[in-house]
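S.K.: If you scroll down you'll find the structure; I have some questions about it.
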Amino acid sequence: MSFDANVIILGAGAAGLSAATELSRAGRKVLILEARERLGGRIFTRYDAVCDVPVELGAEFIHGRPPEIWDLLKKHKTVAREVKGENFCVRNGELCTCDFFSEGGSLLEKLNDRSPDESFLEFIERRYPSWKTDPKQRESVEWARKYVTGFHAADPGLVSVHWLVKGLRADEKIEGDRAFRIPQGYQLLTDIFQRQLASASVAIELNTVAESIRWTGRQVEVKARSVKGTLTFNGSCLLVTLPLSVLQASLLERGQEEVGAVRFVPELPPKKQEALGKLAMGKVIRVTLRFRERFWENLRPKHSPESKTLAKMGFLLSDENPFPTWWTTMPEKLPIITGWAPFKCTEAISGKGEDFIIDKALDTLGRLLKVDRQELEGLLGAAYTHDWQTDPFARGAYSYVKVGGDGAQRELATPVEDTLFFAGEATDLSGHNGTVHGAIASGRRAAKEILRSMP
Ligand SMILES: Cc1cc2nc3c(=O)[nH]c(=O)nc-3n(C[C@H](O)[C@H](O)[C@H](O)COP(=O)(O)OP(=O)(O)OC[C@H]3O[C@@H](n4cnc5c(N)ncnc54)[C@H](O)[C@@H]3O)c2cc1C
C-alpha cells in the first residue's frame with residue numbers, strides 16, 4: 001500500500017494533532033502515522049465508572065492559564081476547575097500542613113541565567129556549601145530539590161540551571177503556580193482535535209509504527225509496520241513529533257534499533273544529533289487508586305499542631321519511597337488518590353509489571369497515612385497505572401535540558417532542508433516543554449514553518 005500526502009506527520013500526540021489541524025485548515029493534504037491504537041500519546045485518559053470521572057495516566061493538570069489550552073476550552077464551552085486543598089508534608093516522621101512554595105521558593109528565586117550554566121546540584125554546592133549541616137538551609141535545599149526531581153522528574157546532577165530559570169520565568173507569565181483540571185479529562189482536547197481533523201478529512205493511520213525515513217530535498221518516503229504488513233508513505237515533507245527518547249533511540253547503531261525507533265536515511269545532521277545528546281528525558285510513573293470510601297477523611301495526624309484531619313488534603317509531599325508525592329481530587333471529594341514516583345523512584349518499579357507498581361503504591365500510602373496495609377487492600381476498588389519508561393513509544397515522561405544545553409531545543413526544532421520539520425514538547429522554545437500546552441505550541445510553530453516553506 002502506498003499513500004501520498006503534502007505533509008506526513010509522525011505521532012498523534014498534542015503536537016502532531018495541533019499541527020495537523022493548522023495544516024489542514026490551510027488546505028494541505030495531511031497524513032498522520034501513529035504507532036498506538038489510540039490518539040493522544042502522553043495524554044492518556046481512562047474512565048472510572050464507579051465514580052463517574054476521568055482518570056489520567058499521563059497529563060492531568062493544566063499548569064496556569066496557557067492560551068493554547070484555555071482558548072480551546074472556551075471555544076468548546078468548557079471551564080477548567082482549579083485545584084484546591086490543604087497541602088501536607090512529613091516533618092519528624094509526622095504529617096503536618098505546610099506551604100511548599102514558600103519553603104523552597106526563596107531558593108529557586110536565587111537561580112539565575114546570568115552566570116555560566118551549571119547543574120542544580122552544582123548551584124547548591126556553590127551557594128549553600130554548608131547545607132548538609134545547617135538545618136535551615138538543608139530544609140530549603142530539600143524542598144527545591146523536590147521541585148526539580150518531583151515536578152520536572154529531572155536528575156539534579158544533570159539538569160541545567162539556565163533551563164530551570166527559563167521555565168520559572170515562563171510559568172510566571174501564565175500564573176503557572178496555579179493548577180487546573182479539565183472536568184472531562186485531558187481526553188477532551190484529543191477529542192476536539194479529532195473532530196476538527198475528521199471534518200477536514202485528514203487521514204490518520206493508527207497501529208502504524210514508522211521504522212525508516214528516506215529523505216532528500218522535498219521528498220520523503222516513510223516505511224512503517226502495521227498489521228497490514230510494511231507500508232510505504234510518500235510526502236513532500238515530514239513533521240516528526242516523536243518523543244525525545246524515541247528520537248534518541250533512533251541514533252543507536254544499526255542492528256540495535258528497538259521498537260518505536262526510526263532510522264533516518266541519510267542520518268540526521270550532526271548538529272541535530274548533538275542537540276539530542278544535550279537533552280534528557282525525565283522519568284515518572286503515576287498510579288491512581290480508587291477506594292470504596294475516603295478513608296483519610298477522619299484521619300487526624302498525631303502530632304499535627306493544628307490537629308487537623310486530612311479531610312481537605314490536596315497534596316502530600318514526603319521522602320517515602322517509591323511514591324513520595326500524592327494528591328487527591330480536591331476540591332472534588334472523591335475516594336481517589338494518586339501517587340507519583342519520579343526520577344530515581346521510577347527506576348525501582350519500572351519494568352516490574354502493574355501488580356508490582358500497585359503493590360508498592362499501597363505499601364507507601366499505608367506507611368504515610370499509618371493505615372494497615374491489609375485494611376487498605378480491603379478498601380481498594382480499582383487501580384490505574386501505566387509504565388511510561390517501558391512504553392516503546394514514549395520511553396520516559398517528559399524532557400529537560402542538561403547542563404550546558406543552551407540552544408539544544410532550538411537546534412532540535414530547526415527544520416532540515418525544508419523537508420524534515422520537528423515538533424513535540426521537547427522542541428518547545430518558550431520555556432513550557434514537558435507540558436501539553438508546550439506540545440500544542442510546538443505543533444503550531446512547526447505548521448507555520450511548513451506553510452512558509454511550501455511553494
Ligand atoms: C505521567 C505524566 C504526567 C504528565 N503530567 C502532565 C501535566 O499534568 N500537565 C501537562 O501539561 N503535561 C503533563 N505531562 C506531559 C505531557 O503529557 C506531554 O508533554 C505532552 O502530552 C507531549 O505531547 P507530544 O505530542 O509532544 O508527544 P506525545 O504525546 O508522546 O506524542 C508522540 C506520539 O508519537 C507516537 N510514536 C512514537 N513512536 C512512533 C513511531 N515509531 N511511529 C509512529 N508513531 C510513533 C507516540 O505513540 C505518540 O502518540 C505528563 C506526562 C506524563 C508521562
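A note on labels: chains of the C-alpha cells are A, B, ... as shown, every chain counts residues from 1, and ligands are counted from 1 in their shown order.
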Could you go through stretch 2-210 of chain A and tell me which residues DSSP, when run on the backbone, assigns to strand (DSSP E or B), listing them as an NGL selection string?
M.R.: :A and (2-10 or 13 or 30-33 or 40 or 45-48 or 53-56 or 62-63 or 81-82 or 86-91 or 94-97 or 119 or 159-160 or 179-181 or 203-205 or 209-210)
S.K.: Applying 6 Å and only C-alpha atoms, which residues near stretch 240-254 of chain A remain after dropping the ones on its own chain fewer than 5 positions away? List them as a list of chain:residue names.
M.R.: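 Using only C-alpha atoms, the neighbours found are A:Leu10, A:Gly11, A:Gly16, A:Ala261, A:Val262, A:Arg263, A:Ala394, A:Arg395, A:Phe422, A:Ala423, A:Gly424.
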S.K.: Dump N, CA and C atoms for the selected residues as a PDB file, in the first residue's frame?
M.R.:
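See result-v7.pdb below for the written result:
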ATOM      1  N   LEU A  10       4.495  12.342  11.892  1.00  0.00           N
ATOM      2  CA  LEU A  10       4.755  11.155  12.727  1.00  0.00           C
ATOM      3  C   LEU A  10       4.330  11.458  14.150  1.00  0.00           C
ATOM      4  N   GLY A  11       3.277  10.774  14.620  1.00  0.00           N
ATOM      5  CA  GLY A  11       2.855  10.937  16.006  1.00  0.00           C
ATOM      6  C   GLY A  11       1.571  11.725  16.137  1.00  0.00           C
ATOM      7  N   GLY A  16       1.405  16.669  17.249  1.00  0.00           N
ATOM      8  CA  GLY A  16       1.022  16.210  15.912  1.00  0.00           C
ATOM      9  C   GLY A  16      -0.399  16.613  15.564  1.00  0.00           C
ATOM     10  N   ALA A 261      11.765   3.073  17.503  1.00  0.00           N
ATOM     11  CA  ALA A 261      12.836   3.925  16.972  1.00  0.00           C
ATOM     12  C   ALA A 261      12.760   3.945  15.446  1.00  0.00           C
ATOM     13  N   VAL A 262      13.125   5.080  14.853  1.00  0.00           N
ATOM     14  CA  VAL A 262      13.083   5.184  13.387  1.00  0.00           C
ATOM     15  C   VAL A 262      14.497   5.405  12.863  1.00  0.00           C
ATOM     16  N   ARG A 263      14.754   4.933  11.653  1.00  0.00           N
ATOM     17  CA  ARG A 263      16.085   5.127  11.058  1.00  0.00           C
ATOM     18  C   ARG A 263      15.980   6.185   9.970  1.00  0.00           C
ATOM     19  N   ALA A 394       7.068   6.026  24.113  1.00  0.00           N
ATOM     20  CA  ALA A 394       7.281   7.201  24.970  1.00  0.00           C
ATOM     21  C   ALA A 394       8.701   7.175  25.542  1.00  0.00           C
ATOM     22  N   ARG A 395       9.090   6.024  26.116  1.00  0.00           N
ATOM     23  CA  ARG A 395      10.427   5.838  26.697  1.00  0.00           C
ATOM     24  C   ARG A 395      10.771   6.903  27.732  1.00  0.00           C
ATOM     25  N   PHE A 422      10.303  19.565  12.870  1.00  0.00           N
ATOM     26  CA  PHE A 422      10.274  18.930  14.202  1.00  0.00           C
ATOM     27  C   PHE A 422       9.362  19.676  15.171  1.00  0.00           C
ATOM     28  N   ALA A 423       8.517  18.909  15.854  1.00  0.00           N
ATOM     29  CA  ALA A 423       7.672  19.476  16.916  1.00  0.00           C
ATOM     30  C   ALA A 423       7.646  18.466  18.062  1.00  0.00           C
ATOM     31  N   GLY A 424       6.820  18.744  19.064  1.00  0.00           N
ATOM     32  CA  GLY A 424       6.794  17.876  20.248  1.00  0.00           C
ATOM     33  C   GLY A 424       7.295  18.674  21.427  1.00  0.00           C
TER      34      GLY A 424
END
S.K.: Kindly compile the residues surrounding ligand 1 within 6 Å, counting only C-alpha atoms and all ligand atoms, and format them as a PyMOL selection string.
M.R.: chain A and resi 10-16+33-36+40-43+58-62+208-211+241-243+260-262+284-286+393-394+397-398+424-425+434-437+439
S.K.: Those selected residues, please, written with C-alpha atoms and delivered as an mmCIF file, in the first residue's frame.
M.R.:
data_model
loop_
_atom_site.group_PDB
_atom_site.id
_atom_site.type_symbol
_atom_site.label_atom_id
_atom_site.label_comp_id
_atom_site.auth_asym_id
_atom_site.auth_seq_id
_atom_site.Cartn_x
_atom_site.Cartn_y
_atom_site.Cartn_z
ATOM 1 C CA LEU A 10 4.755 11.155 12.727
ATOM 2 C CA GLY A 11 2.855 10.937 16.006
ATOM 3 C CA ALA A 12 -0.694 11.801 17.050
ATOM 4 C CA GLY A 13 0.044 13.405 20.408
ATOM 5 C CA ALA A 14 -0.845 17.006 21.239
ATOM 6 C CA ALA A 15 1.921 18.339 18.940
ATOM 7 C CA GLY A 16 1.022 16.210 15.912
ATOM 8 C CA LEU A 33 1.015 7.989 11.235
ATOM 9 C CA GLU A 34 0.556 6.835 14.817
ATOM 10 C CA ALA A 35 2.112 3.736 16.392
ATOM 11 C CA ARG A 36 -0.564 3.262 19.061
ATOM 12 C CA GLY A 40 -3.246 11.442 22.388
ATOM 13 C CA GLY A 41 0.199 9.943 23.102
ATOM 14 C CA ARG A 42 1.160 11.046 26.606
ATOM 15 C CA ILE A 43 -2.394 12.283 27.096
ATOM 16 C CA GLY A 58 -0.397 10.771 31.645
ATOM 17 C CA ALA A 59 -1.018 14.529 31.783
ATOM 18 C CA GLU A 60 -3.575 15.646 34.382
ATOM 19 C CA PHE A 61 -3.076 19.326 35.220
ATOM 20 C CA ILE A 62 -3.221 22.495 33.199
ATOM 21 C CA THR A 208 1.306 2.127 12.239
ATOM 22 C CA VAL A 209 4.876 2.149 13.533
ATOM 23 C CA ALA A 210 7.266 4.217 11.427
ATOM 24 C CA GLU A 211 10.556 2.362 11.012
ATOM 25 C CA THR A 241 6.751 14.761 16.705
ATOM 26 C CA LEU A 242 8.248 11.634 18.281
ATOM 27 C CA PRO A 243 9.116 11.862 21.998
ATOM 28 C CA GLY A 260 9.436 2.580 18.008
ATOM 29 C CA ALA A 261 12.836 3.925 16.972
ATOM 30 C CA VAL A 262 13.083 5.184 13.387
ATOM 31 C CA VAL A 284 7.740 9.249 36.142
ATOM 32 C CA ILE A 285 5.255 6.540 36.976
ATOM 33 C CA ARG A 286 1.927 7.526 38.469
ATOM 34 C CA PHE A 393 6.515 4.874 22.048
ATOM 35 C CA ALA A 394 7.281 7.201 24.970
ATOM 36 C CA ALA A 397 7.769 11.052 30.832
ATOM 37 C CA TYR A 398 8.927 14.433 29.534
ATOM 38 C CA GLY A 424 6.794 17.876 20.248
ATOM 39 C CA GLU A 425 7.187 19.081 23.819
ATOM 40 C CA GLY A 434 7.254 18.947 29.323
ATOM 41 C CA THR A 435 3.666 20.175 29.128
ATOM 42 C CA VAL A 436 0.616 19.711 26.932
ATOM 43 C CA HIS A 437 0.414 23.419 26.116
ATOM 44 C CA ALA A 439 3.477 20.481 22.824
#
S.K.: Name all residues at most 12 Å from A:Ala408 (count only C-alpha atoms; drop same-chain ones fewer than 4 positions away) and give them as a list of chain:residue names.
M.R.: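 Here the qualifying residues turn out to be A:Ser160, A:Trp163, A:Leu244, A:Lys271, A:Lys272, A:Gln273, A:Glu274, A:Ala275, A:Leu276, A:Gly277, A:Lys278, A:Leu279, A:Ala280, A:Ser399, A:Tyr400, A:Val401, A:Lys402, A:Val403, A:Gly404, A:Leu412, A:Ala413, A:Thr414, A:Ala426, A:Thr427, A:Asp428, A:Leu429.
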S.K.: Please list as number ranges by chain every residue within 6 Å of stretch 143-152 of chain A, counting only C-alpha atoms and excluding residues in the same chain fewer than 2 positions away.
M.R.: A: 104, 140-141, 154, 342-343
S.K.: Can you pull out the residues contacting A:Leu23? Cut-off 12 Å, using only C-alpha atoms, and skip same-chain residues under 6 positions away; I want them as a PDB file with N, CA and C atoms, in the first residue's frame.
M.R.:
ATOM      1  N   ALA A   5       0.958  12.315   0.351  1.00  0.00           N
ATOM      2  CA  ALA A   5       0.427  13.487   1.062  1.00  0.00           C
ATOM      3  C   ALA A   5       1.380  14.656   0.888  1.00  0.00           C
ATOM      4  N   ASN A   6       0.875  15.854   1.124  1.00  0.00           N
ATOM      5  CA  ASN A   6       1.792  17.005   1.150  1.00  0.00           C
ATOM      6  C   ASN A   6       2.685  16.887   2.372  1.00  0.00           C
ATOM      7  N   VAL A   7       2.036  16.639   3.493  1.00  0.00           N
ATOM      8  CA  VAL A   7       2.776  16.581   4.757  1.00  0.00           C
ATOM      9  C   VAL A   7       2.450  15.275   5.480  1.00  0.00           C
ATOM     10  N   ILE A   8       3.493  14.536   5.841  1.00  0.00           N
ATOM     11  CA  ILE A   8       3.287  13.353   6.695  1.00  0.00           C
ATOM     12  C   ILE A   8       3.681  13.769   8.110  1.00  0.00           C
ATOM     13  N   ILE A   9       2.834  13.422   9.061  1.00  0.00           N
ATOM     14  CA  ILE A   9       3.150  13.745  10.466  1.00  0.00           C
ATOM     15  C   ILE A   9       3.371  12.440  11.218  1.00  0.00           C
ATOM     16  N   GLY A  16       1.405  16.669  17.249  1.00  0.00           N
ATOM     17  CA  GLY A  16       1.022  16.210  15.912  1.00  0.00           C
ATOM     18  C   GLY A  16      -0.399  16.613  15.564  1.00  0.00           C
ATOM     19  N   LEU A  17      -1.306  16.486  16.531  1.00  0.00           N
ATOM     20  CA  LEU A  17      -2.712  16.811  16.271  1.00  0.00           C
ATOM     21  C   LEU A  17      -2.900  18.304  16.042  1.00  0.00           C
ATOM     22  N   LYS A  29      -2.777  18.640   2.202  1.00  0.00           N
ATOM     23  CA  LYS A  29      -3.194  17.242   2.352  1.00  0.00           C
ATOM     24  C   LYS A  29      -2.267  16.600   3.394  1.00  0.00           C
ATOM     25  N   VAL A  30      -2.859  16.221   4.517  1.00  0.00           N
ATOM     26  CA  VAL A  30      -2.058  15.767   5.660  1.00  0.00           C
ATOM     27  C   VAL A  30      -2.350  14.300   5.965  1.00  0.00           C
ATOM     28  N   LEU A  31      -1.304  13.587   6.321  1.00  0.00           N
ATOM     29  CA  LEU A  31      -1.462  12.196   6.764  1.00  0.00           C
ATOM     30  C   LEU A  31      -0.739  12.035   8.095  1.00  0.00           C
ATOM     31  N   ILE A  32      -1.434  11.471   9.085  1.00  0.00           N
ATOM     32  CA  ILE A  32      -0.777  11.237  10.388  1.00  0.00           C
ATOM     33  C   ILE A  32      -0.525   9.736  10.549  1.00  0.00           C
ATOM     34  N   GLN A 196     -12.014  18.057  14.636  1.00  0.00           N
ATOM     35  CA  GLN A 196     -11.582  19.036  13.634  1.00  0.00           C
ATOM     36  C   GLN A 196     -10.898  18.335  12.458  1.00  0.00           C
ATOM     37  N   LEU A 197     -10.102  17.316  12.772  1.00  0.00           N
ATOM     38  CA  LEU A 197      -9.375  16.625  11.703  1.00  0.00           C
ATOM     39  C   LEU A 197     -10.320  15.783  10.845  1.00  0.00           C
ATOM     40  N   ALA A 200     -12.007  17.856   8.377  1.00  0.00           N
ATOM     41  CA  ALA A 200     -11.118  18.285   7.285  1.00  0.00           C
ATOM     42  C   ALA A 200     -10.606  17.076   6.493  1.00  0.00           C
ATOM     43  N   SER A 201     -11.177  15.895   6.778  1.00  0.00           N
ATOM     44  CA  SER A 201     -10.802  14.639   6.096  1.00  0.00           C
ATOM     45  C   SER A 201      -9.299  14.344   6.157  1.00  0.00           C
ATOM     46  N   VAL A 202      -8.688  14.625   7.294  1.00  0.00           N
ATOM     47  CA  VAL A 202      -7.273  14.276   7.466  1.00  0.00           C
ATOM     48  C   VAL A 202      -7.170  12.766   7.703  1.00  0.00           C
ATOM     49  N   LEU A 239       6.792  15.928   9.266  1.00  0.00           N
ATOM     50  CA  LEU A 239       6.861  16.563  10.584  1.00  0.00           C
ATOM     51  C   LEU A 239       7.041  15.460  11.629  1.00  0.00           C
ATOM     52  N   GLY A 443       3.603  22.330  17.917  1.00  0.00           N
ATOM     53  CA  GLY A 443       2.921  21.857  16.697  1.00  0.00           C
ATOM     54  C   GLY A 443       2.504  23.029  15.829  1.00  0.00           C
ATOM     55  N   ARG A 444       2.006  24.076  16.467  1.00  0.00           N
ATOM     56  CA  ARG A 444       1.576  25.264  15.707  1.00  0.00           C
ATOM     57  C   ARG A 444       2.780  25.969  15.074  1.00  0.00           C
ATOM     58  N   ARG A 445       3.870  26.040  15.850  1.00  0.00           N
ATOM     59  CA  ARG A 445       5.092  26.676  15.318  1.00  0.00           C
ATOM     60  C   ARG A 445       5.594  25.912  14.092  1.00  0.00           C
ATOM     61  N   ALA A 446       5.609  24.583  14.197  1.00  0.00           N
ATOM     62  CA  ALA A 446       6.108  23.770  13.070  1.00  0.00           C
ATOM     63  C   ALA A 446       5.182  23.895  11.859  1.00  0.00           C
ATOM     64  N   ALA A 447       3.867  23.964  12.105  1.00  0.00           N
ATOM     65  CA  ALA A 447       2.919  24.099  10.985  1.00  0.00           C
ATOM     66  C   ALA A 447       3.212  25.392  10.226  1.00  0.00           C
ATOM     67  N   LYS A 448       3.490  26.464  10.967  1.00  0.00           N
ATOM     68  CA  LYS A 448       3.813  27.750  10.310  1.00  0.00           C
ATOM     69  C   LYS A 448       5.076  27.607   9.460  1.00  0.00           C
ATOM     70  N   GLU A 449       6.079  26.938  10.025  1.00  0.00           N
ATOM     71  CA  GLU A 449       7.339  26.756   9.276  1.00  0.00           C
ATOM     72  C   GLU A 449       7.081  25.992   7.978  1.00  0.00           C
ATOM     73  N   ILE A 450       6.253  24.961   8.071  1.00  0.00           N
ATOM     74  CA  ILE A 450       5.963  24.145   6.881  1.00  0.00           C
ATOM     75  C   ILE A 450       5.239  24.997   5.833  1.00  0.00           C
ATOM     76  N   LEU A 451       4.244  25.754   6.288  1.00  0.00           N
ATOM     77  CA  LEU A 451       3.464  26.565   5.344  1.00  0.00           C
ATOM     78  C   LEU A 451       4.353  27.612   4.674  1.00  0.00           C
ATOM     79  N   ARG A 452       5.272  28.181   5.469  1.00  0.00           N
ATOM     80  CA  ARG A 452       6.182  29.183   4.889  1.00  0.00           C
ATOM     81  C   ARG A 452       7.099  28.561   3.840  1.00  0.00           C
ATOM     82  N   MET A 454       6.489  26.034   1.885  1.00  0.00           N
ATOM     83  CA  MET A 454       5.829  25.393   0.732  1.00  0.00           C
ATOM     84  C   MET A 454       5.577  26.398  -0.382  1.00  0.00           C
TER      85      MET A 454
END
S.K.: My list of candidates is A:Glu118, A:Thr133, A:Glu142, A:Leu108. Which is closest to A:Gly157 when distances are computed with only C-alpha atoms?
M.R.: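 Of the candidates, the smallest distance to A:Gly157 is held by A:Glu118.
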S.K.: Might you pull out every residue within 12 Å of A:Val83, with only C-alpha atoms counted and same-chain residues fewer than 4 positions away left off, and present them as a list in words?
M.R.: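 The neighbour list is Glu60, Phe61, Ile62, His63, Gly64, Asn87, Asp177, Arg178, Ala179, Phe180, Arg181, Ile182, Pro183, Lys312, Met313, Gly314, Phe315, Trp327, Thr328, Thr329, Met330, Pro331, Glu332 and Lys333 of chain A.
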